[in-house]
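Coordinates from input.cif are shown below (mmCIF, C-alpha atoms).
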data_work
loop_
_atom_site.label_atom_id
_atom_site.label_comp_id
_atom_site.auth_asym_id
_atom_site.auth_seq_id
_atom_site.Cartn_x
_atom_site.Cartn_y
_atom_site.Cartn_z
CA MET A 26 -91.37 -22.79 -136.30
CA ASN A 27 -93.95 -25.47 -137.05
CA THR A 28 -97.71 -24.94 -136.84
CA LYS A 29 -98.05 -26.82 -133.56
CA THR A 30 -95.47 -24.60 -131.85
CA ARG A 31 -97.00 -21.45 -133.30
CA LEU A 32 -100.46 -22.36 -132.01
CA SER A 33 -99.07 -23.32 -128.63
CA LEU A 34 -97.11 -20.09 -128.23
CA PHE A 35 -100.01 -18.05 -129.60
CA SER A 36 -102.43 -19.48 -127.07
CA SER A 37 -99.96 -18.80 -124.23
CA LEU A 38 -99.41 -15.25 -125.49
CA LEU A 39 -103.16 -14.69 -125.74
CA LEU A 40 -103.68 -15.88 -122.19
CA ILE A 41 -100.84 -13.75 -120.82
CA GLY A 42 -102.09 -10.75 -122.79
CA LEU A 43 -105.60 -11.09 -121.43
CA LEU A 44 -104.33 -11.42 -117.88
CA ALA A 45 -102.10 -8.38 -118.27
CA LEU A 46 -104.92 -6.29 -119.70
CA ILE A 47 -107.03 -7.15 -116.69
CA THR A 48 -104.09 -6.20 -114.44
CA THR A 49 -103.53 -2.77 -115.94
CA GLY A 50 -107.12 -2.01 -116.76
CA THR A 51 -105.80 -0.02 -119.73
CA ASP A 52 -108.46 -1.19 -122.12
CA LEU A 53 -111.13 -1.38 -119.49
CA GLY A 54 -111.54 2.32 -118.88
CA ASP A 55 -108.60 2.42 -116.44
CA GLU A 56 -110.64 0.75 -113.81
CA PRO A 57 -108.77 -0.51 -110.76
CA PRO A 58 -107.58 -4.10 -111.00
CA THR A 59 -110.08 -6.73 -110.03
CA ALA A 60 -109.57 -9.08 -107.12
CA THR A 61 -108.92 -11.96 -109.55
CA ALA A 62 -106.43 -10.08 -111.74
CA PRO A 63 -102.83 -11.34 -111.79
CA ASN A 64 -100.59 -9.31 -109.57
CA ASP A 65 -96.83 -8.71 -109.49
CA MET A 66 -96.25 -12.03 -107.78
CA GLU A 67 -98.14 -13.93 -110.47
CA ILE A 68 -96.13 -12.14 -113.14
CA ALA A 69 -92.98 -13.01 -111.18
CA HIS A 70 -94.07 -16.65 -111.22
CA ILE A 71 -94.63 -16.60 -114.99
CA ALA A 72 -91.27 -14.92 -115.67
CA TYR A 73 -89.42 -17.30 -113.33
CA THR A 74 -91.17 -20.31 -114.88
CA ALA A 75 -90.26 -19.15 -118.39
CA GLY A 76 -86.60 -19.01 -117.32
CA ILE A 77 -86.69 -22.45 -115.77
CA LEU A 78 -88.29 -23.93 -118.90
CA ASP A 79 -85.58 -22.47 -121.11
CA ILE A 80 -82.94 -23.93 -118.79
CA ARG A 81 -84.61 -27.34 -119.21
CA TYR A 82 -84.53 -27.02 -123.02
CA ALA A 83 -80.83 -26.16 -122.71
CA HIS A 84 -80.06 -29.22 -120.61
CA LEU A 85 -81.76 -31.32 -123.24
CA ALA A 86 -79.61 -29.69 -125.94
CA LEU A 87 -76.44 -30.42 -123.98
CA ALA A 88 -77.51 -34.05 -123.66
CA ILE A 89 -78.46 -34.58 -127.32
CA SER A 90 -76.59 -32.11 -129.54
CA GLU A 91 -73.03 -32.63 -130.68
CA ASN A 92 -72.84 -29.26 -132.41
CA PRO A 93 -70.40 -26.95 -130.53
CA ASP A 94 -72.39 -23.82 -131.44
CA VAL A 95 -75.61 -25.33 -130.15
CA GLN A 96 -73.87 -26.50 -126.98
CA ALA A 97 -72.32 -23.05 -126.42
CA PHE A 98 -75.72 -21.43 -126.89
CA ALA A 99 -77.33 -23.89 -124.46
CA GLU A 100 -74.63 -23.23 -121.85
CA THR A 101 -75.23 -19.50 -122.18
CA MET A 102 -78.98 -20.02 -121.69
CA ILE A 103 -78.34 -22.00 -118.50
CA ARG A 104 -75.81 -19.46 -117.19
CA ASP A 105 -77.85 -16.34 -117.98
CA HIS A 106 -81.32 -17.58 -117.00
CA THR A 107 -79.90 -18.95 -113.75
CA ALA A 108 -78.35 -15.54 -112.99
CA VAL A 109 -81.58 -13.70 -113.77
CA ASN A 110 -83.67 -16.11 -111.69
CA GLU A 111 -81.23 -15.89 -108.76
CA LYS A 112 -81.56 -12.12 -108.91
CA ALA A 113 -85.35 -12.48 -108.89
CA VAL A 114 -85.26 -14.82 -105.88
CA ALA A 115 -83.00 -12.38 -104.02
CA LEU A 116 -85.43 -9.54 -104.72
CA LEU A 117 -88.42 -11.61 -103.63
CA GLN A 118 -86.63 -12.48 -100.38
CA GLN A 119 -85.84 -8.83 -99.83
CA LEU A 120 -89.49 -7.94 -100.43
CA LYS A 121 -90.58 -10.90 -98.28
CA ALA A 122 -92.84 -11.94 -101.16
CA THR A 123 -93.69 -15.30 -102.67
CA PRO A 124 -94.40 -15.89 -106.37
CA GLN A 125 -97.91 -17.15 -106.99
CA ASP A 126 -98.75 -20.01 -109.31
CA ASN A 127 -101.37 -19.19 -111.93
CA PRO A 128 -103.00 -20.58 -115.10
CA THR A 129 -100.46 -18.91 -117.41
CA SER A 130 -97.51 -20.57 -115.66
CA GLN A 131 -99.30 -23.90 -115.90
CA LYS A 132 -99.99 -23.38 -119.61
CA LEU A 133 -96.31 -22.59 -120.24
CA ILE A 134 -95.30 -25.76 -118.39
CA GLN A 135 -97.75 -27.90 -120.38
CA ASP A 136 -96.63 -26.46 -123.72
CA ALA A 137 -92.98 -26.92 -122.84
CA ALA A 138 -93.57 -30.55 -121.92
CA LYS A 139 -94.98 -31.19 -125.41
CA ILE A 140 -92.03 -29.48 -127.09
CA ARG A 141 -89.51 -31.38 -124.93
CA LYS A 142 -91.18 -34.64 -125.89
CA GLU A 143 -90.92 -33.69 -129.55
CA LEU A 144 -87.25 -32.69 -129.18
CA MET A 145 -86.35 -35.89 -127.37
CA ALA A 146 -87.42 -37.90 -130.44
CA LEU A 147 -84.91 -36.04 -132.63
CA GLU A 148 -81.15 -36.26 -133.07
CA GLY A 149 -78.25 -34.76 -135.02
CA ALA A 150 -78.86 -31.81 -137.31
CA THR A 151 -82.64 -32.27 -137.12
CA PHE A 152 -82.54 -31.80 -133.36
CA ASP A 153 -80.21 -28.80 -133.64
CA LYS A 154 -82.48 -26.99 -136.09
CA ARG A 155 -85.63 -27.72 -134.11
CA TYR A 156 -84.00 -26.64 -130.84
CA ALA A 157 -82.68 -23.42 -132.42
CA ALA A 158 -86.04 -22.65 -134.04
CA ASN A 159 -87.84 -23.17 -130.73
CA GLU A 160 -85.32 -20.96 -128.90
CA LEU A 161 -85.91 -18.15 -131.39
CA ALA A 162 -89.70 -18.47 -131.18
CA TYR A 163 -89.61 -18.79 -127.39
CA HIS A 164 -87.47 -15.69 -126.89
CA GLN A 165 -89.54 -13.66 -129.37
CA PHE A 166 -92.67 -14.67 -127.48
CA VAL A 167 -91.22 -14.00 -124.02
CA ASN A 168 -89.68 -10.67 -125.07
CA GLN A 169 -92.91 -9.38 -126.57
CA THR A 170 -94.80 -10.38 -123.45
CA VAL A 171 -92.29 -8.92 -120.99
CA GLU A 172 -91.93 -5.67 -122.93
CA ASN A 173 -95.53 -5.00 -123.88
CA GLN A 174 -97.48 -6.67 -121.08
CA PHE A 175 -95.43 -7.30 -117.97
CA ILE A 176 -93.24 -4.21 -117.62
CA PRO A 177 -96.14 -1.77 -118.08
CA ALA A 178 -98.29 -3.82 -115.68
CA VAL A 179 -95.86 -4.37 -112.80
CA ARG A 180 -96.23 -1.93 -109.91
CA ASN A 181 -93.20 -2.58 -107.72
CA PRO A 182 -90.39 -0.34 -109.07
CA GLN A 183 -87.60 -2.76 -108.10
CA PHE A 184 -89.35 -5.62 -109.85
CA LYS A 185 -90.03 -3.41 -112.88
CA SER A 186 -86.32 -2.53 -113.01
CA LEU A 187 -85.32 -6.19 -112.77
CA LEU A 188 -87.69 -7.10 -115.59
CA ALA A 189 -86.13 -4.35 -117.72
CA SER A 190 -82.64 -5.78 -117.08
CA ALA A 191 -83.92 -9.26 -117.83
CA LEU A 192 -85.47 -8.04 -121.08
CA ARG A 193 -82.10 -6.64 -122.23
CA THR A 194 -80.62 -10.09 -121.58
CA PHE A 195 -83.41 -11.93 -123.39
CA LYS A 196 -83.16 -9.63 -126.42
CA VAL A 197 -79.47 -10.54 -126.72
CA HIS A 198 -80.52 -14.20 -126.55
CA GLU A 199 -83.04 -13.60 -129.34
CA GLN A 200 -80.32 -12.08 -131.55
CA HIS A 201 -78.00 -14.97 -130.68
CA ALA A 202 -80.77 -17.46 -131.56
CA GLU A 203 -81.33 -15.69 -134.91
CA LYS A 204 -77.64 -16.09 -135.76
CA LEU A 205 -77.66 -19.72 -134.65
CA ASN A 206 -80.67 -20.43 -136.87
CA SER A 207 -79.03 -18.71 -139.86
CA SER A 208 -75.84 -20.68 -139.37
CA LEU A 209 -77.64 -24.02 -138.99
CA ASN A 210 -79.84 -23.40 -142.02
CA GLN A 211 -77.05 -22.05 -144.20
CA GLY A 212 -77.09 -23.55 -147.67
CA GLU A 213 -80.71 -24.59 -147.37
CA MET A 214 -83.18 -22.77 -149.53
CA MET B 29 2.80 25.07 -94.70
CA SER B 30 1.38 25.84 -98.12
CA HIS B 31 1.29 29.25 -99.66
CA PRO B 32 -1.97 31.17 -98.94
CA ALA B 33 -2.42 31.91 -102.62
CA CYS B 34 -2.18 28.23 -103.43
CA ARG B 35 -4.72 27.40 -100.68
CA LYS B 36 -7.15 29.96 -102.11
CA CYS B 37 -6.64 28.53 -105.54
CA ALA B 38 -7.36 25.00 -104.30
CA VAL B 39 -10.58 26.14 -102.63
CA LEU B 40 -11.70 27.76 -105.84
CA ILE B 41 -10.93 24.64 -107.86
CA VAL B 42 -12.79 22.36 -105.42
CA GLY B 43 -15.72 24.78 -105.40
CA ALA B 44 -15.81 24.85 -109.15
CA LEU B 45 -15.69 21.07 -109.37
CA LEU B 46 -18.49 20.75 -106.82
CA PHE B 47 -20.56 23.29 -108.74
CA ILE B 48 -20.01 21.45 -112.00
CA GLY B 49 -20.75 18.13 -110.36
CA VAL B 50 -24.00 19.23 -108.73
CA GLY B 51 -24.96 21.09 -111.87
CA GLY B 52 -24.26 18.01 -113.93
CA VAL B 53 -26.48 15.90 -111.73
CA LEU B 54 -29.21 18.52 -111.89
CA ASP B 55 -28.73 18.72 -115.62
CA LEU B 56 -29.20 14.97 -115.91
CA CYS B 57 -32.40 15.22 -113.89
CA VAL B 58 -33.72 17.90 -116.19
CA GLN B 59 -32.73 16.20 -119.42
CA GLN B 60 -34.10 12.74 -118.53
CA PRO B 61 -37.90 12.97 -118.51
CA PRO B 62 -39.43 10.96 -115.73
CA ALA B 63 -40.80 7.61 -116.80
CA PRO B 64 -44.56 8.03 -117.26
CA ALA B 65 -46.48 6.50 -114.41
CA ALA B 66 -48.46 3.45 -115.44
CA GLN B 67 -52.14 4.24 -115.66
CA ARG B 68 -55.23 2.26 -114.74
CA HIS B 69 -58.05 2.04 -117.27
CA VAL B 70 -61.51 0.73 -116.44
CA VAL B 71 -63.74 -1.04 -118.96
CA GLU B 72 -67.31 -1.67 -117.85
CA MET B 73 -69.30 -4.63 -119.08
CA LEU B 74 -72.70 -2.99 -119.23
CA ASP B 75 -75.84 -3.75 -121.24
CA PHE B 76 -73.98 -6.46 -123.14
CA ALA B 77 -71.22 -4.11 -124.35
CA PHE B 78 -67.68 -3.19 -123.36
CA LYS B 79 -67.59 0.49 -122.42
CA PRO B 80 -65.40 1.92 -123.82
CA ALA B 81 -65.22 -0.59 -126.66
CA SER B 82 -61.81 0.67 -127.81
CA LEU B 83 -58.98 1.89 -125.63
CA THR B 84 -55.44 3.17 -126.21
CA VAL B 85 -52.94 2.49 -123.45
CA ALA B 86 -49.19 2.67 -122.86
CA PRO B 87 -47.03 -0.41 -122.25
CA GLY B 88 -47.30 -1.36 -118.59
CA ASP B 89 -50.74 0.16 -118.08
CA THR B 90 -53.37 -1.83 -116.22
CA ILE B 91 -56.76 -2.50 -117.79
CA VAL B 92 -59.54 -3.47 -115.38
CA TRP B 93 -62.86 -5.00 -116.45
CA ILE B 94 -65.87 -4.73 -114.15
CA ASN B 95 -69.09 -6.61 -114.84
CA ARG B 96 -72.09 -4.31 -114.28
CA ASP B 97 -74.62 -6.70 -115.85
CA ILE B 98 -76.65 -9.28 -113.97
CA VAL B 99 -75.37 -12.14 -116.14
CA PRO B 100 -71.78 -13.43 -116.31
CA HIS B 101 -69.33 -12.22 -118.96
CA THR B 102 -65.70 -12.77 -119.94
CA ALA B 103 -63.00 -10.59 -121.47
CA THR B 104 -61.14 -13.01 -123.73
CA GLU B 105 -58.39 -12.08 -126.18
CA ASN B 106 -59.33 -13.37 -129.66
CA HIS B 107 -56.47 -15.87 -129.64
CA GLU B 108 -56.85 -16.52 -125.91
CA ALA B 109 -53.54 -14.82 -125.04
CA TRP B 110 -55.41 -13.73 -121.92
CA ASP B 111 -58.82 -14.58 -120.51
CA SER B 112 -60.66 -13.24 -117.48
CA ASN B 113 -62.74 -16.43 -117.23
CA THR B 114 -66.22 -16.05 -115.75
CA LEU B 115 -66.94 -12.67 -114.20
CA HIS B 116 -70.22 -12.59 -112.31
CA GLU B 117 -72.09 -9.39 -111.49
CA ALA B 118 -69.75 -6.89 -109.76
CA ASP B 119 -66.68 -9.11 -110.30
CA SER B 120 -63.56 -7.50 -111.73
CA TRP B 121 -60.36 -8.68 -113.35
CA TYR B 122 -57.28 -6.95 -114.73
CA VAL B 123 -54.41 -7.45 -117.13
CA VAL B 124 -51.17 -5.51 -117.65
CA LEU B 125 -50.19 -5.32 -121.31
CA GLN B 126 -46.60 -4.72 -122.41
CA GLU B 127 -46.53 -5.78 -126.04
CA GLN B 128 -47.24 -3.00 -128.52
CA GLY B 129 -50.00 -3.36 -131.07
CA ARG B 130 -53.73 -3.95 -131.27
CA GLN B 131 -55.37 -6.70 -129.27
CA SER B 132 -58.99 -7.61 -129.92
CA TYR B 133 -61.15 -9.37 -127.40
CA TYR B 134 -64.72 -10.57 -126.89
CA CYS B 135 -67.05 -12.21 -124.40
CA ARG B 136 -67.01 -15.99 -124.79
CA PHE B 137 -70.61 -16.20 -123.58
CA HIS B 138 -71.96 -13.39 -125.75
CA PRO B 139 -69.76 -13.22 -128.87
CA ALA B 140 -71.47 -10.07 -130.13
CA MET B 141 -69.70 -8.24 -127.27
CA GLN B 142 -66.37 -7.14 -128.76
CA GLY B 143 -63.63 -4.70 -127.82
CA SER B 144 -60.06 -3.73 -128.67
CA ILE B 145 -57.01 -2.32 -126.94
CA VAL B 146 -54.16 -0.54 -128.69
CA VAL B 147 -50.90 -0.62 -126.75
CA SER B 148 -49.14 2.48 -128.07
CA LYS B 149 -45.43 2.97 -128.60
CA THR B 150 -45.12 6.27 -126.79
CA ASP B 151 -47.02 8.12 -124.18
CA HIS B 152 -48.02 10.94 -126.54
CA GLU B 153 -50.10 8.47 -128.52
CA ARG B 154 -52.56 8.36 -125.68
CA PRO B 155 -55.90 9.82 -126.69
#

Would you mind writing the structure in this file as structure tokens?
Amino acid sequence: MNTKTRLSLFSSLLLIGLLALITTGTDLGDEPPTATAPNDMEIAHIAYTAGILDIRYAHLALAISENPDVQAFAETMIRDHTAVNEKAVALLQQLKATPQDNPTSQKLIQDAAKIRKELMALEGATFDKRYAANELAYHQFVNQTVENQFIPAVRNPQFKSLLASALRTFKVHEQHAEKLNSSLNQGEM
Amino acid sequence: MSHPACRKCAVLIVGALLFIGVGGVLDLCVQQPPAPAAQRHVVEMLDFAFKPASLTVAPGDTIVWINRDIVPHTATENHEAWDSNTLHEADSWYVVLQEQGRQSYYCRFHPAMQGSIVVSKTDHERP
């Protein structure tokens, strides 16, 4: 992961972490959440947005990469994130709830736009390695956030359960991305 | 008119033959064990694993895969002798295996998901 990506992901993580701390009140003397704190629907928006952004990276990979392993990985990202997001939409409809846009979602979208621009300038093995590295970093970042910030903060039990299922999926993606990176960087040291 | 002794003798012979015949048929039924009924085995795709991951079956048994995860999976023989194709959440698919031996399979979408089926020679090899 290059320095630019690290800083970008770090700033997103910091923002999400701060928002989640406000939500739970854990480090604020267990005070009740404030009126401005992100709620379940804002967290739902962030999680849904993160899925959509990974699907967009995958479409880019299918358009640019000629590596069958990279293409297979990208297809799996599209398939799995679409399934998870469809499940989330179904739950939101059942709860008659609407995800709420928030600064964290906007930050994720802005950061992803920069990374997509960078990826679009690459091709061949250089693209493959950069895409795989970003996928690993992205899933590590999302998994840490979902596990340590979102799941403890969410109040609706059905949404909490869905996030737990989604986390199991994303952890498999992280392992898959690790293998893809190893295979693409094999022989380089 | 035949002699009564001869008639009695004939009845005894016919009776004996019938007894032997019925007995023979019964004997055959006892000696030939009934063909074992084909069984149905269920493999769940759950938490990105096949459960159970290994299975021993008899020729002619049915193996059913059910996807319990929220993302799609496949059950694909390593050399693509059989393939469930995409199974979405709650979808199921089955195969009947006749050929003896071990068959390994995996999920095409999540290659770390792997399983195997041993088609055993005889019924007593079932676990």

Interatomic distance (Å, one decimal) between CA of Asp75 (chain B) and CA of Asp97 (chain B): 6.3 Å

Near-Trp93 (chain B) list (7 Å; all atoms listed in the file; drop same-chain fewer than 6 positions) as number ranges by chain: B: 70-73, 120-122

Interface list for chain A, partner chain B, 12 Å threshold, only C-alpha atoms, as number ranges by chain: A: 94, 96-113, 186-202, 204-205

Expansion of the PyMOL selection byres ((chain A and resi 152-169) around 7) into residues, as a PyMOL selection string: chain A and resi 26+90+95+144+147-151+170-173+192+195-196+199+202-203+205-206+209

Could you save those same residues with C-alpha atoms as a short mmCIF file (atom, residue, chain, number, x, y, z; two decimals), in the coordinates of the input?
data_model
loop_
_atom_site.label_atom_id
_atom_site.label_comp_id
_atom_site.auth_asym_id
_atom_site.auth_seq_id
_atom_site.Cartn_x
_atom_site.Cartn_y
_atom_site.Cartn_z
CA MET A 26 -91.37 -22.79 -136.30
CA SER A 90 -76.59 -32.11 -129.54
CA VAL A 95 -75.61 -25.33 -130.15
CA LEU A 144 -87.25 -32.69 -129.18
CA LEU A 147 -84.91 -36.04 -132.63
CA GLU A 148 -81.15 -36.26 -133.07
CA GLY A 149 -78.25 -34.76 -135.02
CA ALA A 150 -78.86 -31.81 -137.31
CA THR A 151 -82.64 -32.27 -137.12
CA THR A 170 -94.80 -10.38 -123.45
CA VAL A 171 -92.29 -8.92 -120.99
CA GLU A 172 -91.93 -5.67 -122.93
CA ASN A 173 -95.53 -5.00 -123.88
CA LEU A 192 -85.47 -8.04 -121.08
CA PHE A 195 -83.41 -11.93 -123.39
CA LYS A 196 -83.16 -9.63 -126.42
CA GLU A 199 -83.04 -13.60 -129.34
CA ALA A 202 -80.77 -17.46 -131.56
CA GLU A 203 -81.33 -15.69 -134.91
CA LEU A 205 -77.66 -19.72 -134.65
CA ASN A 206 -80.67 -20.43 -136.87
CA LEU A 209 -77.64 -24.02 -138.99
#

For CA of Ile134 (chain A) and CA of Ile77 (chain A), the interatomic separation in Å (one decimal):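 We find that CA of Ile134 (chain A) and CA of Ile77 (chain A) lie 9.6 Å from each other.
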
Between CA of Pro64 (chain B) and CA of Gln131 (chain B), distance in Å (one decimal): 21.9 Å

Which of B:Val146, B:Asp119, B:Cys135, B:Glu105 sits closest to Ala77 (chain B) [using all atoms listed in the file]: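 Of B:Val146, B:Asp119, B:Cys135, B:Glu105, the one nearest Ala77 (chain B), counting all atoms listed in the file, is B:Cys135.
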
Selection result for the PyMOL selection byres ((chain B and resi 84-87) around 10) on this file, as a PyMOL selection string: chain B and resi 64-69+82-83+88-91+124-130+144-155

Among the residues A:Glu67, A:Gln118, A:Leu85, A:Tyr73, the one that comes closest to Glu143 (chain A) [using all atoms listed in the file]: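 Of the candidates, the smallest distance to Glu143 (chain A) is held by A:Leu85.
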
Chain and number of each residue from the PyMOL selection byres ((chain B and resi 106) around 8), as a PyMOL selection string: chain B and resi 104-105+107-109+131-134

Enumerate, as a tab-separated table (two decimals) with C-alpha atoms, keeping the file's coordinate frame, the protein, DNA and RNA residues whose atoms approach (-85.5, -29.4, -123.0) to within 9 Å, taking into account all atoms listed in the file and the coordinate frame of the file.
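Saved to result-v8.tsv:
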chain	number	residue	atom	x	y	z
A	78	LEU	CA	-88.29	-23.93	-118.90
A	79	ASP	CA	-85.58	-22.47	-121.11
A	80	ILE	CA	-82.94	-23.93	-118.79
A	81	ARG	CA	-84.61	-27.34	-119.21
A	82	TYR	CA	-84.53	-27.02	-123.02
A	83	ALA	CA	-80.83	-26.16	-122.71
A	84	HIS	CA	-80.06	-29.22	-120.61
A	85	LEU	CA	-81.76	-31.32	-123.24
A	86	ALA	CA	-79.61	-29.69	-125.94
A	137	ALA	CA	-92.98	-26.92	-122.84
A	138	ALA	CA	-93.57	-30.55	-121.92
A	140	ILE	CA	-92.03	-29.48	-127.09
A	141	ARG	CA	-89.51	-31.38	-124.93
A	142	LYS	CA	-91.18	-34.64	-125.89
A	144	LEU	CA	-87.25	-32.69	-129.18
A	145	MET	CA	-86.35	-35.89	-127.37
A	156	TYR	CA	-84.00	-26.64	-130.84

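When all atoms listed in the file are used to compute distances to Asp111 (chain B), the closest of the residues B:Val123, B:Asn95, B:Leu74, B:Gln142 turns out to be B:Val123.
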